[in-house]
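Pasted below: run00.cif, mmCIF, N, CA and C atoms.
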data_coords
#
loop_
_atom_site.label_atom_id
_atom_site.label_comp_id
_atom_site.auth_asym_id
_atom_site.auth_seq_id
_atom_site.Cartn_x
_atom_site.Cartn_y
_atom_site.Cartn_z
N MET A 1103 7.11 -10.08 -10.70
CA MET A 1103 6.15 -10.82 -9.91
C MET A 1103 6.58 -10.76 -8.45
N LEU A 1104 5.63 -10.70 -7.58
CA LEU A 1104 5.90 -10.64 -6.16
C LEU A 1104 6.24 -12.03 -5.64
N ARG A 1105 7.41 -12.14 -5.09
CA ARG A 1105 7.79 -13.37 -4.41
C ARG A 1105 8.59 -12.95 -3.19
N LEU A 1106 8.43 -13.72 -2.13
CA LEU A 1106 9.12 -13.38 -0.89
C LEU A 1106 10.56 -13.89 -0.97
N SER A 1107 11.50 -12.97 -1.04
CA SER A 1107 12.91 -13.34 -1.06
C SER A 1107 13.47 -13.26 0.35
N LYS A 1108 14.65 -13.82 0.54
CA LYS A 1108 15.30 -13.74 1.85
C LYS A 1108 15.53 -12.28 2.24
N LYS A 1109 15.96 -11.49 1.28
CA LYS A 1109 16.24 -10.09 1.58
C LYS A 1109 14.98 -9.35 2.03
N MET A 1110 13.84 -9.66 1.39
CA MET A 1110 12.57 -9.05 1.77
C MET A 1110 12.18 -9.46 3.19
N LEU A 1111 12.28 -10.74 3.46
CA LEU A 1111 11.96 -11.26 4.78
C LEU A 1111 12.87 -10.65 5.83
N PHE A 1112 14.17 -10.56 5.54
CA PHE A 1112 15.12 -9.97 6.47
C PHE A 1112 14.81 -8.50 6.73
N ALA A 1113 14.41 -7.77 5.69
CA ALA A 1113 14.10 -6.35 5.85
C ALA A 1113 12.89 -6.16 6.77
N ILE A 1114 11.85 -6.95 6.55
CA ILE A 1114 10.66 -6.85 7.39
C ILE A 1114 11.00 -7.23 8.82
N GLU A 1115 11.74 -8.32 9.00
CA GLU A 1115 12.14 -8.75 10.35
C GLU A 1115 12.96 -7.67 11.04
N ALA A 1116 13.88 -7.06 10.32
CA ALA A 1116 14.75 -6.04 10.91
C ALA A 1116 13.94 -4.83 11.37
N VAL A 1117 13.01 -4.37 10.55
CA VAL A 1117 12.20 -3.20 10.93
C VAL A 1117 11.31 -3.53 12.13
N VAL A 1118 10.70 -4.70 12.11
CA VAL A 1118 9.86 -5.10 13.25
C VAL A 1118 10.73 -5.25 14.50
N ASP A 1119 11.92 -5.83 14.36
CA ASP A 1119 12.83 -5.98 15.50
C ASP A 1119 13.16 -4.62 16.10
N ILE A 1120 13.48 -3.65 15.26
CA ILE A 1120 13.81 -2.30 15.74
C ILE A 1120 12.60 -1.69 16.45
N ALA A 1121 11.43 -1.82 15.85
CA ALA A 1121 10.22 -1.26 16.46
C ALA A 1121 9.88 -1.94 17.78
N TYR A 1122 10.08 -3.24 17.84
CA TYR A 1122 9.64 -4.02 18.99
C TYR A 1122 10.64 -3.99 20.15
N HIS A 1123 11.93 -3.89 19.83
CA HIS A 1123 12.96 -4.01 20.86
C HIS A 1123 13.66 -2.71 21.21
N SER A 1124 13.30 -1.59 20.60
CA SER A 1124 14.09 -0.38 20.80
C SER A 1124 13.99 0.18 22.21
N GLY A 1125 12.84 0.21 22.81
CA GLY A 1125 12.69 0.80 24.14
C GLY A 1125 13.16 2.24 24.18
N GLY A 1126 13.06 2.94 23.05
CA GLY A 1126 13.47 4.34 22.99
C GLY A 1126 14.93 4.55 22.68
N GLN A 1127 15.71 3.49 22.62
CA GLN A 1127 17.14 3.58 22.33
C GLN A 1127 17.42 3.01 20.94
N PRO A 1128 18.49 3.48 20.28
CA PRO A 1128 18.84 2.90 18.99
C PRO A 1128 19.14 1.40 19.14
N VAL A 1129 18.75 0.64 18.13
CA VAL A 1129 19.00 -0.81 18.12
C VAL A 1129 20.21 -1.06 17.24
N GLN A 1130 21.19 -1.75 17.77
CA GLN A 1130 22.41 -2.03 17.03
C GLN A 1130 22.20 -3.25 16.11
N SER A 1131 22.86 -3.21 14.96
CA SER A 1131 22.70 -4.29 13.98
C SER A 1131 23.14 -5.63 14.55
N GLY A 1132 24.13 -5.62 15.43
CA GLY A 1132 24.57 -6.87 16.06
C GLY A 1132 23.48 -7.51 16.90
N ASP A 1133 22.65 -6.68 17.54
CA ASP A 1133 21.53 -7.20 18.32
C ASP A 1133 20.46 -7.81 17.41
N ILE A 1134 20.23 -7.16 16.27
CA ILE A 1134 19.26 -7.70 15.31
C ILE A 1134 19.77 -9.05 14.79
N THR A 1135 21.04 -9.11 14.45
CA THR A 1135 21.63 -10.36 13.97
C THR A 1135 21.50 -11.45 15.01
N ARG A 1136 21.76 -11.13 16.25
CA ARG A 1136 21.68 -12.11 17.33
C ARG A 1136 20.25 -12.62 17.51
N ARG A 1137 19.30 -11.70 17.53
CA ARG A 1137 17.91 -12.10 17.78
C ARG A 1137 17.27 -12.79 16.59
N GLN A 1138 17.53 -12.31 15.39
CA GLN A 1138 16.82 -12.79 14.21
C GLN A 1138 17.62 -13.79 13.36
N GLY A 1139 18.92 -13.88 13.62
CA GLY A 1139 19.74 -14.79 12.83
C GLY A 1139 19.94 -14.33 11.40
N ILE A 1140 19.86 -13.03 11.18
CA ILE A 1140 20.05 -12.48 9.83
C ILE A 1140 21.54 -12.30 9.59
N PRO A 1141 22.06 -12.85 8.50
CA PRO A 1141 23.49 -12.66 8.20
C PRO A 1141 23.82 -11.18 8.05
N ARG A 1142 24.94 -10.78 8.62
CA ARG A 1142 25.33 -9.36 8.62
C ARG A 1142 25.45 -8.78 7.21
N ARG A 1143 25.92 -9.59 6.25
CA ARG A 1143 26.12 -9.07 4.89
C ARG A 1143 24.80 -8.62 4.27
N TYR A 1144 23.71 -9.31 4.58
CA TYR A 1144 22.39 -8.89 4.11
C TYR A 1144 21.88 -7.72 4.93
N LEU A 1145 22.05 -7.84 6.22
CA LEU A 1145 21.45 -6.88 7.14
C LEU A 1145 21.94 -5.46 6.91
N GLU A 1146 23.23 -5.25 6.86
CA GLU A 1146 23.77 -3.90 6.71
C GLU A 1146 23.33 -3.27 5.40
N GLN A 1147 23.33 -4.05 4.34
CA GLN A 1147 22.90 -3.55 3.03
C GLN A 1147 21.43 -3.11 3.07
N VAL A 1148 20.59 -3.94 3.66
CA VAL A 1148 19.16 -3.63 3.75
C VAL A 1148 18.91 -2.44 4.67
N LEU A 1149 19.59 -2.40 5.82
CA LEU A 1149 19.40 -1.29 6.76
C LEU A 1149 19.76 0.04 6.12
N GLN A 1150 20.86 0.08 5.39
CA GLN A 1150 21.27 1.33 4.74
C GLN A 1150 20.24 1.77 3.69
N LYS A 1151 19.70 0.82 2.96
CA LYS A 1151 18.67 1.14 1.96
C LYS A 1151 17.41 1.69 2.66
N LEU A 1152 17.06 1.11 3.79
CA LEU A 1152 15.89 1.57 4.55
C LEU A 1152 16.12 2.95 5.16
N VAL A 1153 17.36 3.27 5.51
CA VAL A 1153 17.69 4.61 5.99
C VAL A 1153 17.52 5.61 4.85
N ARG A 1154 18.04 5.27 3.67
CA ARG A 1154 17.91 6.18 2.52
C ARG A 1154 16.45 6.39 2.12
N ALA A 1155 15.62 5.37 2.36
CA ALA A 1155 14.19 5.45 2.03
C ALA A 1155 13.37 6.10 3.15
N LYS A 1156 14.04 6.52 4.22
CA LYS A 1156 13.41 7.20 5.35
C LYS A 1156 12.42 6.32 6.12
N ILE A 1157 12.69 5.01 6.14
CA ILE A 1157 11.96 4.09 7.00
C ILE A 1157 12.66 4.06 8.36
N LEU A 1158 14.00 4.05 8.30
CA LEU A 1158 14.83 4.04 9.50
C LEU A 1158 15.68 5.30 9.54
N SER A 1159 16.19 5.60 10.73
CA SER A 1159 17.21 6.64 10.86
C SER A 1159 18.40 6.00 11.56
N GLY A 1160 19.57 6.36 11.09
CA GLY A 1160 20.79 5.82 11.68
C GLY A 1160 21.36 6.78 12.71
N VAL A 1161 21.86 6.20 13.80
CA VAL A 1161 22.49 6.99 14.86
C VAL A 1161 23.94 6.54 14.95
N ARG A 1162 24.86 7.46 14.74
CA ARG A 1162 26.29 7.12 14.77
C ARG A 1162 26.83 7.10 16.19
N GLY A 1163 27.97 6.45 16.34
CA GLY A 1163 28.66 6.45 17.62
C GLY A 1163 28.60 5.11 18.31
N PRO A 1164 29.32 5.00 19.43
CA PRO A 1164 29.42 3.72 20.13
C PRO A 1164 28.09 3.21 20.68
N ARG A 1165 27.16 4.10 20.99
CA ARG A 1165 25.84 3.68 21.47
C ARG A 1165 24.79 3.87 20.37
N GLY A 1166 25.28 3.94 19.13
CA GLY A 1166 24.41 4.18 17.99
C GLY A 1166 23.70 2.93 17.52
N GLY A 1167 23.01 3.08 16.45
CA GLY A 1167 22.25 1.98 15.88
C GLY A 1167 21.17 2.54 14.98
N TYR A 1168 20.00 1.94 15.05
CA TYR A 1168 18.90 2.34 14.17
C TYR A 1168 17.62 2.55 14.96
N ASN A 1169 16.87 3.56 14.55
CA ASN A 1169 15.54 3.85 15.07
C ASN A 1169 14.59 3.90 13.88
N LEU A 1170 13.31 3.82 14.16
CA LEU A 1170 12.33 4.07 13.12
C LEU A 1170 12.36 5.55 12.80
N ALA A 1171 12.22 5.90 11.54
CA ALA A 1171 12.22 7.31 11.14
C ALA A 1171 10.83 7.92 11.30
N ARG A 1172 9.82 7.07 11.38
CA ARG A 1172 8.44 7.52 11.58
C ARG A 1172 7.78 6.62 12.63
N GLU A 1173 6.59 7.00 13.05
CA GLU A 1173 5.84 6.15 13.96
C GLU A 1173 5.59 4.79 13.30
N ARG A 1174 5.61 3.75 14.10
CA ARG A 1174 5.47 2.41 13.54
C ARG A 1174 4.09 2.18 12.90
N ARG A 1175 3.11 2.96 13.28
CA ARG A 1175 1.79 2.82 12.65
C ARG A 1175 1.75 3.51 11.28
N ARG A 1176 2.80 4.23 10.93
CA ARG A 1176 2.87 4.92 9.65
C ARG A 1176 3.83 4.25 8.66
N ILE A 1177 4.32 3.07 9.02
CA ILE A 1177 5.20 2.30 8.13
C ILE A 1177 4.48 1.00 7.79
N THR A 1178 4.32 0.74 6.49
CA THR A 1178 3.61 -0.48 6.08
C THR A 1178 4.58 -1.53 5.55
N VAL A 1179 4.13 -2.76 5.61
CA VAL A 1179 4.91 -3.87 5.06
C VAL A 1179 5.04 -3.69 3.55
N GLY A 1180 3.99 -3.22 2.91
CA GLY A 1180 4.04 -2.99 1.47
C GLY A 1180 5.14 -2.02 1.07
N GLU A 1181 5.31 -0.98 1.87
CA GLU A 1181 6.36 0.01 1.61
C GLU A 1181 7.75 -0.63 1.68
N ILE A 1182 7.96 -1.45 2.68
CA ILE A 1182 9.26 -2.14 2.83
C ILE A 1182 9.50 -3.07 1.65
N ILE A 1183 8.47 -3.79 1.24
CA ILE A 1183 8.61 -4.73 0.12
C ILE A 1183 8.97 -3.98 -1.16
N ARG A 1184 8.36 -2.86 -1.41
CA ARG A 1184 8.69 -2.10 -2.62
C ARG A 1184 10.15 -1.63 -2.61
N ILE A 1185 10.64 -1.23 -1.46
CA ILE A 1185 12.03 -0.77 -1.35
C ILE A 1185 12.99 -1.92 -1.66
N VAL A 1186 12.73 -3.07 -1.08
CA VAL A 1186 13.62 -4.22 -1.30
C VAL A 1186 13.49 -4.73 -2.73
N ARG A 1187 12.28 -4.73 -3.28
CA ARG A 1187 12.10 -5.16 -4.67
C ARG A 1187 12.92 -4.31 -5.62
N ALA A 1188 12.99 -3.02 -5.35
CA ALA A 1188 13.78 -2.13 -6.19
C ALA A 1188 15.26 -2.49 -6.12
N MET A 1189 15.71 -2.99 -4.96
CA MET A 1189 17.11 -3.43 -4.81
C MET A 1189 17.37 -4.69 -5.62
N GLU A 1190 16.38 -5.56 -5.70
CA GLU A 1190 16.55 -6.89 -6.29
C GLU A 1190 16.17 -6.97 -7.75
N LEU A 1191 15.46 -5.98 -8.25
CA LEU A 1191 14.83 -6.07 -9.55
C LEU A 1191 15.78 -6.60 -10.62
N SER A 1192 15.46 -7.78 -11.11
CA SER A 1192 16.27 -8.40 -12.15
C SER A 1192 15.43 -8.68 -13.38
N GLY A 1193 14.27 -8.13 -13.42
CA GLY A 1193 13.38 -8.36 -14.56
C GLY A 1193 12.15 -9.12 -14.12
N ASP A 1194 11.04 -8.53 -14.34
CA ASP A 1194 9.76 -9.13 -13.95
C ASP A 1194 9.16 -9.80 -15.18
N PRO A 1195 8.97 -11.12 -15.13
CA PRO A 1195 8.40 -11.80 -16.29
C PRO A 1195 6.99 -11.31 -16.63
N LEU A 1196 6.29 -10.74 -15.67
CA LEU A 1196 4.95 -10.23 -15.94
C LEU A 1196 4.98 -8.94 -16.75
N ALA A 1197 6.09 -8.24 -16.70
CA ALA A 1197 6.22 -6.99 -17.44
C ALA A 1197 6.58 -7.23 -18.91
N ASP A 1198 6.99 -8.44 -19.23
CA ASP A 1198 7.36 -8.80 -20.61
C ASP A 1198 6.09 -8.91 -21.44
N ASP A 1199 6.00 -8.09 -22.50
CA ASP A 1199 4.78 -8.11 -23.31
C ASP A 1199 4.88 -9.03 -24.52
N THR A 1200 5.93 -9.85 -24.56
CA THR A 1200 6.05 -10.82 -25.64
C THR A 1200 5.49 -12.16 -25.17
N GLY A 1201 5.17 -12.98 -26.10
CA GLY A 1201 4.63 -14.30 -25.78
C GLY A 1201 3.33 -14.53 -26.50
N SER A 1202 2.71 -15.62 -26.19
CA SER A 1202 1.46 -15.98 -26.85
C SER A 1202 0.34 -15.03 -26.45
N GLU A 1203 -0.67 -14.97 -27.27
CA GLU A 1203 -1.82 -14.13 -26.99
C GLU A 1203 -2.50 -14.57 -25.69
N LEU A 1204 -2.55 -15.87 -25.46
CA LEU A 1204 -3.15 -16.42 -24.24
C LEU A 1204 -2.37 -15.96 -23.01
N ALA A 1205 -1.05 -16.02 -23.08
CA ALA A 1205 -0.22 -15.60 -21.95
C ALA A 1205 -0.37 -14.11 -21.68
N VAL A 1206 -0.33 -13.31 -22.72
CA VAL A 1206 -0.36 -11.85 -22.57
C VAL A 1206 -1.74 -11.34 -22.15
N LYS A 1207 -2.80 -11.92 -22.69
CA LYS A 1207 -4.14 -11.39 -22.44
C LYS A 1207 -4.92 -12.10 -21.34
N VAL A 1208 -4.48 -13.31 -20.95
CA VAL A 1208 -5.26 -14.06 -19.96
C VAL A 1208 -4.44 -14.41 -18.73
N ILE A 1209 -3.33 -15.10 -18.92
CA ILE A 1209 -2.56 -15.63 -17.79
C ILE A 1209 -1.88 -14.52 -17.00
N ARG A 1210 -1.13 -13.67 -17.66
CA ARG A 1210 -0.41 -12.59 -16.95
C ARG A 1210 -1.35 -11.63 -16.21
N PRO A 1211 -2.48 -11.25 -16.80
CA PRO A 1211 -3.39 -10.38 -16.05
C PRO A 1211 -3.90 -11.01 -14.75
N ILE A 1212 -4.09 -12.32 -14.74
CA ILE A 1212 -4.50 -12.98 -13.50
C ILE A 1212 -3.45 -12.76 -12.42
N TRP A 1213 -2.18 -13.00 -12.77
CA TRP A 1213 -1.10 -12.83 -11.81
C TRP A 1213 -0.94 -11.37 -11.39
N LEU A 1214 -1.11 -10.47 -12.34
CA LEU A 1214 -1.01 -9.04 -12.00
C LEU A 1214 -2.12 -8.63 -11.04
N ASP A 1215 -3.34 -9.15 -11.25
CA ASP A 1215 -4.44 -8.85 -10.33
C ASP A 1215 -4.17 -9.41 -8.94
N LEU A 1216 -3.69 -10.64 -8.89
CA LEU A 1216 -3.37 -11.25 -7.60
C LEU A 1216 -2.28 -10.47 -6.88
N GLN A 1217 -1.26 -10.08 -7.62
CA GLN A 1217 -0.17 -9.30 -7.03
C GLN A 1217 -0.69 -7.98 -6.50
N SER A 1218 -1.58 -7.35 -7.24
CA SER A 1218 -2.16 -6.09 -6.80
C SER A 1218 -2.97 -6.28 -5.51
N GLU A 1219 -3.73 -7.36 -5.43
CA GLU A 1219 -4.50 -7.64 -4.22
C GLU A 1219 -3.60 -7.89 -3.01
N VAL A 1220 -2.52 -8.62 -3.23
CA VAL A 1220 -1.58 -8.90 -2.14
C VAL A 1220 -0.93 -7.60 -1.67
N MET A 1221 -0.50 -6.77 -2.60
CA MET A 1221 0.14 -5.51 -2.22
C MET A 1221 -0.84 -4.57 -1.53
N THR A 1222 -2.10 -4.59 -1.92
CA THR A 1222 -3.11 -3.78 -1.23
C THR A 1222 -3.21 -4.22 0.22
N ARG A 1223 -3.24 -5.53 0.44
CA ARG A 1223 -3.31 -6.05 1.82
C ARG A 1223 -2.05 -5.69 2.60
N LEU A 1224 -0.87 -5.80 1.97
CA LEU A 1224 0.39 -5.48 2.65
C LEU A 1224 0.51 -3.98 2.92
N ASP A 1225 -0.13 -3.15 2.09
CA ASP A 1225 -0.15 -1.70 2.34
C ASP A 1225 -1.03 -1.35 3.54
N GLU A 1226 -1.94 -2.24 3.90
CA GLU A 1226 -2.80 -2.03 5.06
C GLU A 1226 -2.17 -2.55 6.35
N LEU A 1227 -1.16 -3.39 6.22
CA LEU A 1227 -0.51 -4.03 7.37
C LEU A 1227 0.67 -3.17 7.83
N THR A 1228 0.57 -2.64 9.05
CA THR A 1228 1.61 -1.74 9.54
C THR A 1228 2.59 -2.49 10.45
N ILE A 1229 3.71 -1.86 10.70
CA ILE A 1229 4.69 -2.40 11.65
C ILE A 1229 4.06 -2.45 13.04
N ASP A 1230 3.21 -1.51 13.35
CA ASP A 1230 2.50 -1.52 14.62
C ASP A 1230 1.63 -2.77 14.74
N ASP A 1231 0.95 -3.16 13.67
CA ASP A 1231 0.14 -4.38 13.68
C ASP A 1231 1.01 -5.60 14.00
N LEU A 1232 2.18 -5.67 13.38
CA LEU A 1232 3.07 -6.82 13.60
C LEU A 1232 3.63 -6.81 15.03
N CYS A 1233 3.95 -5.64 15.55
CA CYS A 1233 4.44 -5.55 16.94
C CYS A 1233 3.34 -5.96 17.92
N ASN A 1234 2.13 -5.52 17.67
CA ASN A 1234 1.01 -5.92 18.53
C ASN A 1234 0.78 -7.42 18.47
N ASP A 1235 0.92 -8.00 17.28
CA ASP A 1235 0.77 -9.44 17.12
C ASP A 1235 1.87 -10.18 17.89
N ALA A 1236 3.10 -9.67 17.81
CA ALA A 1236 4.21 -10.28 18.55
C ALA A 1236 3.94 -10.25 20.05
N ASN A 1237 3.41 -9.12 20.53
CA ASN A 1237 3.09 -8.99 21.95
C ASN A 1237 2.00 -9.98 22.36
N LYS A 1238 0.95 -10.10 21.55
CA LYS A 1238 -0.14 -11.04 21.83
C LYS A 1238 0.35 -12.49 21.86
N ARG A 1239 1.34 -12.77 21.03
CA ARG A 1239 1.86 -14.14 20.94
C ARG A 1239 2.96 -14.43 21.96
N GLY A 1240 3.22 -13.45 22.83
CA GLY A 1240 4.15 -13.67 23.93
C GLY A 1240 5.62 -13.52 23.59
N VAL A 1241 5.94 -12.84 22.50
CA VAL A 1241 7.34 -12.61 22.15
C VAL A 1241 7.90 -11.57 23.12
N ALA A 1242 8.96 -11.94 23.82
CA ALA A 1242 9.58 -11.03 24.80
C ALA A 1242 10.26 -9.88 24.07
N SER A 1243 10.13 -8.69 24.64
CA SER A 1243 10.77 -7.50 24.08
C SER A 1243 11.93 -7.08 24.97
N GLU A 1244 13.13 -7.08 24.41
CA GLU A 1244 14.29 -6.63 25.18
C GLU A 1244 14.19 -5.15 25.50
N GLY A 1245 13.55 -4.38 24.66
CA GLY A 1245 13.40 -2.95 24.88
C GLY A 1245 12.55 -2.63 26.09
N ARG A 1246 11.48 -3.38 26.27
CA ARG A 1246 10.61 -3.15 27.42
C ARG A 1246 11.30 -3.53 28.72
N GLN A 1247 12.18 -4.52 28.68
CA GLN A 1247 12.90 -4.93 29.87
C GLN A 1247 13.87 -3.85 30.32
N ASN A 1248 14.32 -3.04 29.37
CA ASN A 1248 15.31 -2.02 29.68
C ASN A 1248 14.68 -0.69 30.09
N LEU A 1249 13.36 -0.59 30.01
CA LEU A 1249 12.70 0.66 30.40
C LEU A 1249 12.71 0.81 31.92
N ASP A 1250 13.00 1.99 32.37
CA ASP A 1250 13.04 2.26 33.81
C ASP A 1250 12.14 3.47 34.05
N PHE A 1251 11.06 3.28 34.80
CA PHE A 1251 10.11 4.34 35.05
C PHE A 1251 10.33 5.01 36.41
N THR A 1252 11.49 4.82 37.01
CA THR A 1252 11.81 5.41 38.30
C THR A 1252 12.01 6.91 38.13
N ILE A 1253 11.45 7.67 39.06
CA ILE A 1253 11.62 9.13 39.01
C ILE A 1253 12.59 9.54 40.09
#

Same coordinates, now as structure tokens:
Amino acid sequence: MLRLSKKMLFAIEAVVDIAYHSGGQPVQSGDITRRQGIPRRYLEQVLQKLVRAKILSGVRGPRGGYNLARERRRITVGEIIRIVRAMELSGDPLADDTGSELAVKVIRPIWLDLQSEVMTRLDELTIDDLCNDANKRGVASEGRQNLDFTI
């Protein structure tokens, strides 16, 4: 069943943070931790999983960090949720086909339909949408402050 876990929330926040604050430079995990308050033990684990899933790319070295592996309009929230769910999967009670006839034929299908509708909506919601929303709501971007257009 779809439920928002801390790890899921942290993964979405981290990807949006990287997209919103990068300014063309890799974003270091320490900066994400500072801005979002995500504990490092969760963050590093999630970031590495997102790199393996080709959502992020890692840049090594003292000025390294993380960049988006694709354009932010091509990364969906649904995609991130599926990656984190695979990390957390401890058994989905909706997948259990045992139980009463009422539970199996009536109650569980309702939840499965709702979950499908939610995931459809999250598959339509891109990181670009969230960054645009952050901009509209006046969230300051450290990346934009660091841009220098001097020739």

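Within 7 Å of range 1229-1241 of chain A, once only C-alpha atoms are used and residues closer than 3 positions along the same chain are dropped, the contacting residues are Val1118, Tyr1122, Arg1174, Arg1175, Ile1177, Thr1178 and Val1179 of chain A.
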
So how far away is atom N of Glu1181 in chain A from CA of Trp1213 in chain A, in Å?
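Value for the CA of Trp1213 in chain A-atom N of Glu1181 in chain A distance: 19.2 Å.
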
Taking all atoms of range 1120-1127 of chain A that appear in the file, build a box with edges along x, y and z, extend it by 6 Å on every side, and state its centre and edge lengths in Å to one decimal, as AutoDock Vina command-line options.
--center_x 13.5 --center_y 0.3 --center_z 19.7 --size_x 19.8 --size_y 20.6 --size_z 20.9

Written as an MDAnalysis selection string, what is the full residue list that the PyMOL selection byres ((chain A and resi 1165) around 8) yields on the file shown?
chainID A and resid 1127:1130 1161:1164 1166:1168

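The space separating atom C of Ile1183 in chain A from atom N of Gly1125 in chain A comes to 24.6 Å.
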
From the list A:Arg1136, A:His1123, A:Arg1223, A:Lys1151, which residue is nearest Ser1243 in chain A when using all atoms listed in the file?
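Ranking A:Arg1136, A:His1123, A:Arg1223, A:Lys1151 by distance to Ser1243 in chain A, first place goes to A:His1123.
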
Please, what distance in Å, to one decimal, runs between atom N of Gly1180 in chain A and CA of Val1220 in chain A?
9.4 Å

What are the DSSP alpha helix (DSSP H) residues of range 1127-1212 of chain A, as a PyMOL selection string?
chain A and resi 1131-1138+1142-1154+1179-1190+1203-1204+1210-1212

Please extract the residues of chain A with a backbone DSSP assignment of strand (DSSP E or B) and present them as a list in words.
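The strand (DSSP E or B) residues within chain A come out as Val1129, Leu1158, Ser1159, Gly1160, Val1161, Gly1167, Tyr1168, Asn1169, Leu1170, Thr1178 and Thr1228 of chain A.
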
Rebuild range 1181-1187 of chain A so that it carries all heavy atoms, then output the result as a short mmCIF file (atom, residue, chain, number, x, y, z; two decimals), keeping the file's coordinate frame.
data_model
loop_
_atom_site.label_atom_id
_atom_site.label_comp_id
_atom_site.auth_asym_id
_atom_site.auth_seq_id
_atom_site.Cartn_x
_atom_site.Cartn_y
_atom_site.Cartn_z
N GLU A 1181 5.31 -0.98 1.87
CA GLU A 1181 6.36 0.01 1.61
C GLU A 1181 7.75 -0.63 1.68
O GLU A 1181 8.60 -0.39 0.82
CB GLU A 1181 6.21 1.12 2.66
CG GLU A 1181 7.07 2.31 2.47
CD GLU A 1181 6.81 3.38 3.53
OE1 GLU A 1181 6.03 3.16 4.48
OE2 GLU A 1181 7.42 4.44 3.40
N ILE A 1182 7.96 -1.45 2.68
CA ILE A 1182 9.26 -2.14 2.83
C ILE A 1182 9.50 -3.07 1.65
O ILE A 1182 10.60 -3.12 1.08
CB ILE A 1182 9.31 -2.91 4.16
CG1 ILE A 1182 9.23 -1.93 5.33
CG2 ILE A 1182 10.57 -3.76 4.26
CD1 ILE A 1182 8.97 -2.58 6.67
N ILE A 1183 8.47 -3.79 1.24
CA ILE A 1183 8.61 -4.73 0.12
C ILE A 1183 8.97 -3.98 -1.16
O ILE A 1183 9.85 -4.43 -1.91
CB ILE A 1183 7.31 -5.55 -0.05
CG1 ILE A 1183 7.24 -6.58 1.08
CG2 ILE A 1183 7.25 -6.21 -1.42
CD1 ILE A 1183 5.97 -7.37 1.15
N ARG A 1184 8.36 -2.86 -1.41
CA ARG A 1184 8.69 -2.10 -2.62
C ARG A 1184 10.15 -1.63 -2.61
O ARG A 1184 10.82 -1.63 -3.65
CB ARG A 1184 7.76 -0.90 -2.76
CG ARG A 1184 6.39 -1.28 -3.25
CD ARG A 1184 5.50 -0.05 -3.45
NE ARG A 1184 4.15 -0.48 -3.75
CZ ARG A 1184 3.23 -0.76 -2.83
NH1 ARG A 1184 3.50 -0.63 -1.55
NH2 ARG A 1184 2.03 -1.15 -3.19
N ILE A 1185 10.64 -1.23 -1.46
CA ILE A 1185 12.03 -0.77 -1.35
C ILE A 1185 12.99 -1.92 -1.66
O ILE A 1185 13.94 -1.76 -2.43
CB ILE A 1185 12.29 -0.18 0.04
CG1 ILE A 1185 11.52 1.13 0.21
CG2 ILE A 1185 13.78 0.02 0.30
CD1 ILE A 1185 11.36 1.59 1.63
N VAL A 1186 12.73 -3.07 -1.08
CA VAL A 1186 13.62 -4.22 -1.30
C VAL A 1186 13.49 -4.73 -2.73
O VAL A 1186 14.49 -5.11 -3.35
CB VAL A 1186 13.34 -5.34 -0.27
CG1 VAL A 1186 14.18 -6.56 -0.56
CG2 VAL A 1186 13.61 -4.82 1.14
N ARG A 1187 12.28 -4.73 -3.28
CA ARG A 1187 12.10 -5.16 -4.67
C ARG A 1187 12.92 -4.31 -5.62
O ARG A 1187 13.47 -4.80 -6.59
CB ARG A 1187 10.63 -5.10 -5.07
CG ARG A 1187 9.85 -6.32 -4.65
CD ARG A 1187 8.42 -6.24 -5.04
NE ARG A 1187 8.24 -6.37 -6.48
CZ ARG A 1187 7.09 -6.13 -7.08
NH1 ARG A 1187 6.04 -5.74 -6.39
NH2 ARG A 1187 6.99 -6.28 -8.38
#
